>>> print(open('protein29.pdb').read())   # PDB, C-alpha atoms and all ligand atoms
ATOM      1  CA  MET K 104      -5.832 -40.298  36.275
ATOM      2  CA  LYS K 105      -3.015 -39.216  33.999
ATOM      3  CA  ILE K 106      -3.983 -36.320  31.730
ATOM      4  CA  PRO K 107      -2.869 -36.983  28.115
ATOM      5  CA  LYS K 108       0.185 -34.968  27.092
ATOM      6  CA  ALA K 109      -1.606 -33.425  24.061
ATOM      7  CA  ILE K 110      -4.289 -32.014  26.355
ATOM      8  CA  GLN K 111      -1.725 -30.746  28.836
ATOM      9  CA  LEU K 112       0.199 -28.847  26.147
ATOM     10  CA  VAL K 113      -2.853 -27.055  24.750
ATOM     11  CA  THR K 114      -4.082 -26.218  28.256
ATOM     12  CA  GLU K 115      -0.707 -24.722  29.133
ATOM     13  CA  SER K 116      -0.757 -22.585  25.965
ATOM     14  CA  PHE K 117      -4.184 -21.187  26.820
ATOM     15  CA  GLU K 118      -3.096 -20.497  30.387
ATOM     16  CA  ARG K 119      -0.349 -18.196  29.131
ATOM     17  CA  LEU K 120      -2.919 -15.930  27.464
ATOM     18  CA  PRO K 121      -3.992 -12.789  29.340
ATOM     19  CA  GLY K 122      -7.175 -13.104  31.349
ATOM     20  CA  ILE K 123      -7.337 -16.915  31.115
ATOM     21  CA  GLY K 124      -7.086 -18.885  34.340
ATOM     22  CA  PRO K 125      -6.355 -22.624  34.689
ATOM     23  CA  LYS K 126     -10.045 -23.564  34.849
ATOM     24  CA  THR K 127     -10.943 -21.662  31.650
ATOM     25  CA  ALA K 128      -7.854 -23.049  29.918
ATOM     26  CA  GLU K 129      -9.003 -26.569  30.713
ATOM     27  CA  ARG K 130     -12.555 -25.860  29.551
ATOM     28  CA  LEU K 131     -11.348 -24.408  26.235
ATOM     29  CA  THR K 132      -9.085 -27.389  25.598
ATOM     30  CA  PHE K 133     -11.835 -29.923  26.254
ATOM     31  CA  TYR K 134     -14.189 -27.880  24.081
ATOM     32  CA  LEU K 135     -11.697 -28.149  21.218
ATOM     33  CA  LEU K 136     -11.730 -31.947  21.582
ATOM     34  CA  HIS K 137     -15.291 -31.865  20.223
ATOM     35  CA  VAL K 138     -14.448 -29.675  17.240
ATOM     36  CA  PRO K 139     -14.017 -31.435  13.851
ATOM     37  CA  GLN K 140     -10.384 -31.957  12.782
ATOM     38  CA  GLY K 141     -10.751 -29.683   9.700
ATOM     39  CA  GLU K 142     -11.823 -26.775  11.859
ATOM     40  CA  LEU K 143      -8.929 -27.409  14.257
ATOM     41  CA  ASP K 144      -6.512 -27.392  11.311
ATOM     42  CA  ARG K 145      -7.877 -24.030  10.135
ATOM     43  CA  PHE K 146      -7.581 -22.637  13.657
ATOM     44  CA  ALA K 147      -3.993 -23.845  14.011
ATOM     45  CA  LYS K 148      -3.079 -22.475  10.586
ATOM     46  CA  SER K 149      -4.536 -19.027  11.298
ATOM     47  CA  VAL K 150      -2.549 -18.791  14.548
ATOM     48  CA  GLN K 151       0.569 -19.934  12.715
ATOM     49  CA  ASN K 152       0.114 -17.186  10.090
ATOM     50  CA  LEU K 153      -0.782 -14.434  12.541
ATOM     51  CA  LYS K 154       2.648 -12.847  12.605
ATOM     52  CA  ILE K 155       3.725 -13.937   9.138
ATOM     53  CA  GLY K 156       0.667 -12.222   7.650
ATOM     54  CA  THR K 157       1.118  -8.880   9.438
ATOM     55  CA  ILE K 158       3.726  -6.173   9.348
ATOM     56  CA  THR K 159       4.548  -3.295  11.687
ATOM     57  CA  CYS K 160       4.440   0.082   9.943
ATOM     58  CA  SER K 161       7.898   1.667  10.064
ATOM     59  CA  THR K 162       6.327   5.124  10.340
ATOM     60  CA  CYS K 163       3.566   4.814  12.951
ATOM     61  CA  PHE K 164       4.280   1.290  14.295
ATOM     62  CA  ASN K 165       0.683   0.239  13.852
ATOM     63  CA  VAL K 166       0.033  -3.315  12.688
ATOM     64  CA  GLY K 167      -1.039  -3.731   9.081
ATOM     65  CA  GLU K 168      -0.484  -5.602   5.853
ATOM     66  CA  ILE K 169       1.717  -3.054   4.085
ATOM     67  CA  ASP K 170       4.492  -0.650   5.050
ATOM     68  CA  PRO K 171       3.775   2.266   5.328
ATOM     69  CA  CYS K 172       0.351   1.193   6.563
ATOM     70  CA  ASP K 173      -2.862   2.284   4.821
ATOM     71  CA  LEU K 174      -3.501   4.973   7.457
ATOM     72  CA  CYS K 175      -0.079   6.549   6.898
ATOM     73  CA  GLN K 176      -0.546   6.376   3.133
ATOM     74  CA  ASP K 177      -4.020   7.922   3.180
ATOM     75  CA  THR K 178      -3.711  11.438   1.728
ATOM     76  CA  ARG K 179      -7.298  12.272   2.740
ATOM     77  CA  ARG K 180      -6.259  12.168   6.377
ATOM     78  CA  ASP K 181      -4.839  15.194   8.167
ATOM     79  CA  HIS K 182      -1.134  14.480   8.539
ATOM     80  CA  SER K 183      -0.616  17.553  10.719
ATOM     81  CA  ILE K 184      -2.443  16.004  13.703
ATOM     82  CA  LEU K 185      -0.810  13.021  15.319
ATOM     83  CA  CYS K 186      -2.481  10.889  17.974
ATOM     84  CA  VAL K 187      -0.224   8.889  20.303
ATOM     85  CA  VAL K 188      -1.680   5.644  21.677
ATOM     86  CA  GLU K 189      -0.372   2.719  23.708
ATOM     87  CA  GLN K 190      -1.550  -0.188  21.544
ATOM     88  CA  PRO K 191      -2.828  -1.035  18.034
ATOM     89  CA  LEU K 192      -6.183  -1.897  19.661
ATOM     90  CA  ASP K 193      -6.512   1.756  20.659
ATOM     91  CA  VAL K 194      -6.211   2.726  16.980
ATOM     92  CA  ILE K 195      -9.056   0.345  16.161
ATOM     93  CA  ALA K 196     -11.205   1.833  18.965
ATOM     94  CA  LEU K 197     -10.506   5.424  17.841
ATOM     95  CA  GLU K 198     -11.159   4.564  14.197
ATOM     96  CA  LYS K 199     -14.571   3.206  15.191
ATOM     97  CA  SER K 200     -15.483   6.566  16.685
ATOM     98  CA  ARG K 201     -14.744   8.145  13.259
ATOM     99  CA  LYS K 202     -14.066  11.483  14.947
ATOM    100  CA  PHE K 203     -10.329  11.488  14.503
ATOM    101  CA  GLN K 204      -9.070  12.107  10.974
ATOM    102  CA  GLY K 205      -5.367  12.538  11.671
ATOM    103  CA  ILE K 206      -2.563   9.997  11.843
ATOM    104  CA  TYR K 207      -1.263   7.826  14.679
ATOM    105  CA  HIS K 208       1.820   6.784  16.566
ATOM    106  CA  VAL K 209       1.682   3.479  18.444
ATOM    107  CA  LEU K 210       4.002   3.232  21.453
ATOM    108  CA  HIS K 211       3.555  -0.519  21.999
ATOM    109  CA  GLY K 212       3.339  -0.122  25.733
ATOM    110  CA  LYS K 213       3.536   2.417  28.513
ATOM    111  CA  ILE K 214       6.160   3.440  31.027
ATOM    112  CA  ASP K 215       5.660   0.953  33.829
ATOM    113  CA  PRO K 216       8.542   0.861  36.345
ATOM    114  CA  LEU K 217       6.941  -1.919  38.404
ATOM    115  CA  ASN K 218       7.221  -4.207  35.367
ATOM    116  CA  ASN K 219      10.632  -2.866  34.368
ATOM    117  CA  ILE K 220       9.359  -1.012  31.317
ATOM    118  CA  GLY K 221      11.229   2.241  30.898
ATOM    119  CA  PRO K 222      10.930   4.930  28.190
ATOM    120  CA  ASP K 223      13.480   3.128  25.993
ATOM    121  CA  GLU K 224      11.337  -0.010  25.810
ATOM    122  CA  ILE K 225       8.548   1.788  23.961
ATOM    123  CA  ARG K 226       8.536   3.893  20.780
ATOM    124  CA  ILE K 227       9.082   7.336  22.333
ATOM    125  CA  ALA K 228      12.435   8.206  20.700
ATOM    126  CA  GLU K 229      10.884   7.238  17.348
ATOM    127  CA  LEU K 230       8.035   9.659  18.003
ATOM    128  CA  VAL K 231      10.353  12.563  18.775
ATOM    129  CA  ASN K 232      12.442  11.841  15.659
ATOM    130  CA  ARG K 233       9.318  11.498  13.593
ATOM    131  CA  VAL K 234       7.941  14.867  14.673
ATOM    132  CA  LYS K 235      11.243  16.508  13.805
ATOM    133  CA  GLY K 236      11.642  14.756  10.472
ATOM    134  CA  GLU K 237       8.093  14.480   9.109
ATOM    135  CA  ARG K 238       7.610  15.910   5.617
ATOM    136  CA  VAL K 239       4.211  17.343   6.477
ATOM    137  CA  ARG K 240       4.699  19.493   9.573
ATOM    138  CA  VAL K 241       2.960  18.090  12.632
ATOM    139  CA  LYS K 242       1.007  20.920  14.270
ATOM    140  CA  GLU K 243      -0.645  19.036  17.099
ATOM    141  CA  ILE K 244       0.155  15.913  19.065
ATOM    142  CA  ILE K 245      -2.711  14.392  21.000
ATOM    143  CA  LEU K 246      -1.491  12.214  23.862
ATOM    144  CA  ALA K 247      -4.103   9.469  24.008
ATOM    145  CA  THR K 248      -2.455   7.091  26.450
ATOM    146  CA  ASN K 249      -4.872   5.484  28.905
ATOM    147  CA  PRO K 250      -6.129   7.546  31.878
ATOM    148  CA  THR K 251      -4.264   5.245  34.275
ATOM    149  CA  MET K 252      -1.285   6.056  36.477
ATOM    150  CA  GLU K 253       1.143   4.582  33.928
ATOM    151  CA  GLY K 254      -0.665   6.238  31.014
ATOM    152  CA  GLU K 255      -0.479   9.659  32.689
ATOM    153  CA  ALA K 256       3.202   9.176  33.523
ATOM    154  CA  THR K 257       3.877   8.181  29.903
ATOM    155  CA  ALA K 258       2.036  11.257  28.573
ATOM    156  CA  MET K 259       3.962  13.496  30.947
ATOM    157  CA  TYR K 260       7.291  12.002  29.904
ATOM    158  CA  ILE K 261       6.520  12.381  26.182
ATOM    159  CA  ALA K 262       5.451  16.018  26.636
ATOM    160  CA  LYS K 263       8.733  16.701  28.422
ATOM    161  CA  GLN K 264      10.770  15.013  25.688
ATOM    162  CA  LEU K 265       9.004  16.966  22.945
ATOM    163  CA  LYS K 266       9.589  20.234  24.761
ATOM    164  CA  ALA K 267      13.242  19.325  25.347
ATOM    165  CA  ALA K 268      13.595  18.600  21.613
ATOM    166  CA  ASN K 269      12.184  22.063  20.907
ATOM    167  CA  ALA K 270       9.470  20.567  18.789
ATOM    168  CA  ASP K 271       7.323  23.465  17.623
ATOM    169  CA  VAL K 272       4.066  21.645  18.178
ATOM    170  CA  LYS K 273       0.916  21.973  20.241
ATOM    171  CA  ILE K 274       0.641  19.141  22.761
ATOM    172  CA  SER K 275      -2.780  18.132  24.013
ATOM    173  CA  ARG K 276      -4.202  15.387  26.208
ATOM    174  CA  ILE K 277      -7.310  13.377  25.363
ATOM    175  CA  GLY K 278     -10.009  14.738  27.606
ATOM    176  CA  ARG K 279     -12.964  14.441  29.845
ATOM    177  CA  GLY K 280     -15.417  11.598  29.710
ATOM    178  CA  LEU K 281     -12.878   8.831  29.986
ATOM    179  CA  PRO K 282     -13.217   7.404  33.491
ATOM    180  CA  ILE K 283      -9.946   7.428  35.471
ATOM    181  CA  GLY K 284      -8.279   4.030  35.396
ATOM    182  CA  SER K 285     -10.137   2.978  32.231
ATOM    183  CA  ASP K 286      -8.813   1.657  28.926
ATOM    184  CA  ILE K 287      -9.257   3.485  25.624
ATOM    185  CA  GLU K 288      -9.458   0.070  24.009
ATOM    186  CA  TYR K 289     -12.751  -0.669  25.803
ATOM    187  CA  ALA K 290     -14.324   2.793  25.588
ATOM    188  CA  ASP K 291     -17.391   3.116  23.359
ATOM    189  CA  PRO K 292     -17.211   5.282  20.194
ATOM    190  CA  THR K 293     -19.371   8.104  21.642
ATOM    191  CA  THR K 294     -17.225   8.408  24.776
ATOM    192  CA  LEU K 295     -14.093   8.472  22.624
ATOM    193  CA  GLU K 296     -15.576  11.090  20.335
ATOM    194  CA  ARG K 297     -16.330  13.300  23.341
ATOM    195  CA  ALA K 298     -12.882  12.661  24.823
ATOM    196  CA  MET K 299     -11.289  13.732  21.528
ATOM    197  CA  GLU K 300     -13.404  16.877  21.358
ATOM    198  CA  GLY K 301     -12.727  17.651  25.011
ATOM    199  CA  ARG K 302      -8.960  17.461  24.680
ATOM    200  CA  SER K 303      -7.048  20.230  26.404
ATOM    201  CA  GLU K 304      -3.633  21.710  25.919
ATOM    202  CA  TYR K 305      -1.072  19.810  27.955
TER
HETATM  203 ZN    ZN H 401       1.583   3.674   9.619
END
>>> encode(input="protein29.pdb", output="structure tokens")
Amino acid sequence: MKIPKAIQLVTESFERLPGIGPKTAERLTFYLLHVPQGELDRFAKSVQNLKIGTITCSTCFNVGEIDPCDLCQDTRRDHSILCVVEQPLDVIALEKSRKFQGIYHVLHGKIDPLNNIGPDEIRIAELVNRVKGERVRVKEIILATNPTMEGEATAMYIAKQLKAANADVKISRIGRGLPIGSDIEYADPTTLERAMEGRSEY
């Protein structure tokens, strides 16, 4: 049997998504065949507008609707404590824990030599410049990259860069409670709260 082209194309698109294998991609596509056309149109439109409707903050590189983002503009937050994370999803996870009241810097990745991602591919230089040029002096930088091999290597590299730039700032690493190899993105708010409290000087 020849699979219709329209089905093939949607299946292929799903297959390119992380964590979706060929079987799941097929199942999702055939599921969509049962969905009313109006709902499909809304779905397609929302995907189409995903990037058009968002903007990357030129200060912290988080994803938002305005630039600077609402977190960077919030004067109630403590702008002297800066938390460095790998992805925007980590910001969402940390915000859920409500423990952290400072500001963020999103790297958009981690140093990962096996996948050809070096320090220049992520927002490390921007972080160093930001710490030097920020109007409100940054007193502490919390390195909250994931407790994985790549996350640790990234934290170590950033600490070295900050020291080399003579940044007069306390550098700390998000602490105990986060299982080794885990993702901040998936950690529950209580664990994150404890990890923030248990941070230690790097
Ligand atoms: Zn921002």
>>> residues_near_ligand(input="protein29.pdb", ligand="ligand ZN 401 (chain H)", cutoff="8 Å", atoms="all atoms listed in the file", output="ChimeraX atom specification")
/K:159-167,170-176,206-208
>>> residues_around(input="protein29.pdb", residues="range 233-244 of chain K", least_positions_apart="2", cutoff="12 Å", atoms="all atoms listed in the file", output="ChimeraX atom specification")
/K:161-164,175,178,180-188,205-208,226-231,246-248,258,261-262,264-266,268-277,299,302-305
>>> closest_residue(input="protein29.pdb", among="K:Thr157, K:Asn152, K:Ser285, K:Gln140", to="Glu253 in chain K", atoms="only C-alpha atoms")
K:Ser285
>>> closest_residue(input="protein29.pdb", among="K:Thr257, K:Gln204, K:Thr293, K:Gln111", to="Ile220 in chain K", atoms="only C-alpha atoms")
K:Thr257
>>> atom_distance(input="protein29.pdb", atom1="CA of Val113 in chain K", atom2="CA of Ala147 in chain K")
11.3 Å
>>> atom_distance(input="protein29.pdb", atom1="CA of Ser200 in chain K", atom2="CA of Gly212 in chain K")
21.9 Å
>>> closest_residue(input="protein29.pdb", among="K:Asn232, K:Asn249, K:Thr132, K:Ser149", to="Leu192 in chain K", atoms="all atoms listed in the file")
K:Asn249
>>> resolve_selection(input="protein29.pdb", expression="the PyMOL selection byres (((chain K and resi 115) around 12) and not hetatm)", output="MDAnalysis selection string")
chainID K and resid 108:114 116:120 123:132
>>> atom_distance(input="protein29.pdb", atom1="CA of Arg179 in chain K", atom2="CA of Asp286 in chain K")
28.3 Å
>>> closest_residue(input="protein29.pdb", among="K:His211, K:Glu255, K:Gly301, K:Ile158", to="Asp223 in chain K", atoms="only C-alpha atoms")
K:His211
>>> axis_aligned_box(input="protein29.pdb", around="range 155-161 of chain K", padding_each_side="3 Å", output="lines of an AutoDock Vina configuration file")
center_x = 4.3
center_y = -6.1
center_z = 9.7
size_x = 13.2
size_y = 21.6
size_z = 10.0
>>> residues_around(input="protein29.pdb", residues="range 194-199 of chain K", least_positions_apart="3", cutoff="7 Å", atoms="only C-alpha atoms", output="ChimeraX atom specification")
/K:191,203,288,292,295
>>> closest_residue(input="protein29.pdb", among="K:Asp215, K:Val138, K:Thr294, K:Gly156", to="Ile169 in chain K", atoms="all atoms listed in the file")
K:Gly156
>>> residues_around(input="protein29.pdb", residues="Ala256 in chain K", least_positions_apart="4", cutoff="9 Å", atoms="all atoms listed in the file", output="ChimeraX atom specification")
/K:213-215,251-252,260-261
>>> decode(input="protein29.pdb", residues="range 194-268 of chain K", atoms="C-alpha atoms", output="PDB file, in the first residue's frame")
ATOM      1  CA  VAL K 194      14.043  29.486  34.013  1.00  0.00           C
ATOM      2  CA  ILE K 195      10.450  28.253  34.050  1.00  0.00           C
ATOM      3  CA  ALA K 196      11.374  25.410  36.449  1.00  0.00           C
ATOM      4  CA  LEU K 197      13.267  27.764  38.798  1.00  0.00           C
ATOM      5  CA  GLU K 198      10.467  30.334  38.714  1.00  0.00           C
ATOM      6  CA  LYS K 199       8.032  27.628  39.821  1.00  0.00           C
ATOM      7  CA  SER K 200      10.125  26.998  42.915  1.00  0.00           C
ATOM      8  CA  ARG K 201       9.709  30.716  43.796  1.00  0.00           C
ATOM      9  CA  LYS K 202      12.908  30.586  45.845  1.00  0.00           C
ATOM     10  CA  PHE K 203      15.072  32.546  43.470  1.00  0.00           C
ATOM     11  CA  GLN K 204      14.393  36.277  43.286  1.00  0.00           C
ATOM     12  CA  GLY K 205      17.370  37.378  41.211  1.00  0.00           C
ATOM     13  CA  ILE K 206      17.817  37.637  37.459  1.00  0.00           C
ATOM     14  CA  TYR K 207      18.897  35.102  34.841  1.00  0.00           C
ATOM     15  CA  HIS K 208      21.264  34.475  31.985  1.00  0.00           C
ATOM     16  CA  VAL K 209      20.284  31.802  29.463  1.00  0.00           C
ATOM     17  CA  LEU K 210      23.195  30.139  27.656  1.00  0.00           C
ATOM     18  CA  HIS K 211      21.072  28.336  25.048  1.00  0.00           C
ATOM     19  CA  GLY K 212      23.100  25.181  25.332  1.00  0.00           C
ATOM     20  CA  LYS K 213      26.107  23.671  27.031  1.00  0.00           C
ATOM     21  CA  ILE K 214      29.673  22.948  26.023  1.00  0.00           C
ATOM     22  CA  ASP K 215      29.405  19.584  24.321  1.00  0.00           C
ATOM     23  CA  PRO K 216      32.507  18.627  22.293  1.00  0.00           C
ATOM     24  CA  LEU K 217      30.981  15.342  21.105  1.00  0.00           C
ATOM     25  CA  ASN K 218      28.287  17.350  19.301  1.00  0.00           C
ATOM     26  CA  ASN K 219      30.709  20.054  18.182  1.00  0.00           C
ATOM     27  CA  ILE K 220      29.355  22.687  20.549  1.00  0.00           C
ATOM     28  CA  GLY K 221      32.174  24.831  21.858  1.00  0.00           C
ATOM     29  CA  PRO K 222      32.094  27.839  24.225  1.00  0.00           C
ATOM     30  CA  ASP K 223      31.565  30.238  21.302  1.00  0.00           C
ATOM     31  CA  GLU K 224      28.324  28.528  20.281  1.00  0.00           C
ATOM     32  CA  ILE K 225      26.593  29.478  23.527  1.00  0.00           C
ATOM     33  CA  ARG K 226      26.121  32.831  25.282  1.00  0.00           C
ATOM     34  CA  ILE K 227      29.225  32.793  27.502  1.00  0.00           C
ATOM     35  CA  ALA K 228      31.013  35.869  26.087  1.00  0.00           C
ATOM     36  CA  GLU K 229      27.730  37.775  26.483  1.00  0.00           C
ATOM     37  CA  LEU K 230      27.615  36.755  30.137  1.00  0.00           C
ATOM     38  CA  VAL K 231      31.142  37.966  30.841  1.00  0.00           C
ATOM     39  CA  ASN K 232      30.451  41.286  29.080  1.00  0.00           C
ATOM     40  CA  ARG K 233      27.183  41.623  30.910  1.00  0.00           C
ATOM     41  CA  VAL K 234      28.767  41.153  34.327  1.00  0.00           C
ATOM     42  CA  LYS K 235      31.358  43.791  33.503  1.00  0.00           C
ATOM     43  CA  GLY K 236      28.888  46.265  32.047  1.00  0.00           C
ATOM     44  CA  GLU K 237      25.752  45.845  34.171  1.00  0.00           C
ATOM     45  CA  ARG K 238      24.434  49.058  35.724  1.00  0.00           C
ATOM     46  CA  VAL K 239      23.516  47.328  38.966  1.00  0.00           C
ATOM     47  CA  ARG K 240      26.654  45.552  40.168  1.00  0.00           C
ATOM     48  CA  VAL K 241      26.338  41.778  40.079  1.00  0.00           C
ATOM     49  CA  LYS K 242      27.540  40.423  43.429  1.00  0.00           C
ATOM     50  CA  GLU K 243      26.889  36.735  42.927  1.00  0.00           C
ATOM     51  CA  ILE K 244      26.659  34.439  39.938  1.00  0.00           C
ATOM     52  CA  ILE K 245      24.970  31.111  40.530  1.00  0.00           C
ATOM     53  CA  LEU K 246      26.008  28.517  37.957  1.00  0.00           C
ATOM     54  CA  ALA K 247      22.861  26.448  37.525  1.00  0.00           C
ATOM     55  CA  THR K 248      23.842  24.332  34.542  1.00  0.00           C
ATOM     56  CA  ASN K 249      22.663  20.724  34.758  1.00  0.00           C
ATOM     57  CA  PRO K 250      24.570  18.290  37.017  1.00  0.00           C
ATOM     58  CA  THR K 251      25.710  16.327  33.956  1.00  0.00           C
ATOM     59  CA  MET K 252      29.221  15.957  32.572  1.00  0.00           C
ATOM     60  CA  GLU K 253      28.617  18.704  29.994  1.00  0.00           C
ATOM     61  CA  GLY K 254      26.879  20.933  32.546  1.00  0.00           C
ATOM     62  CA  GLU K 255      29.804  20.632  34.975  1.00  0.00           C
ATOM     63  CA  ALA K 256      32.321  21.327  32.208  1.00  0.00           C
ATOM     64  CA  THR K 257      30.308  24.396  31.167  1.00  0.00           C
ATOM     65  CA  ALA K 258      30.176  25.696  34.761  1.00  0.00           C
ATOM     66  CA  MET K 259      33.910  25.170  35.138  1.00  0.00           C
ATOM     67  CA  TYR K 260      34.654  27.008  31.902  1.00  0.00           C
ATOM     68  CA  ILE K 261      32.438  29.973  32.846  1.00  0.00           C
ATOM     69  CA  ALA K 262      34.046  30.249  36.297  1.00  0.00           C
ATOM     70  CA  LYS K 263      37.462  30.321  34.638  1.00  0.00           C
ATOM     71  CA  GLN K 264      36.390  32.997  32.155  1.00  0.00           C
ATOM     72  CA  LEU K 265      34.937  35.189  34.901  1.00  0.00           C
ATOM     73  CA  LYS K 266      38.104  34.889  36.951  1.00  0.00           C
ATOM     74  CA  ALA K 267      40.233  35.653  33.886  1.00  0.00           C
ATOM     75  CA  ALA K 268      38.107  38.765  33.263  1.00  0.00           C
TER      76      ALA K 268
END
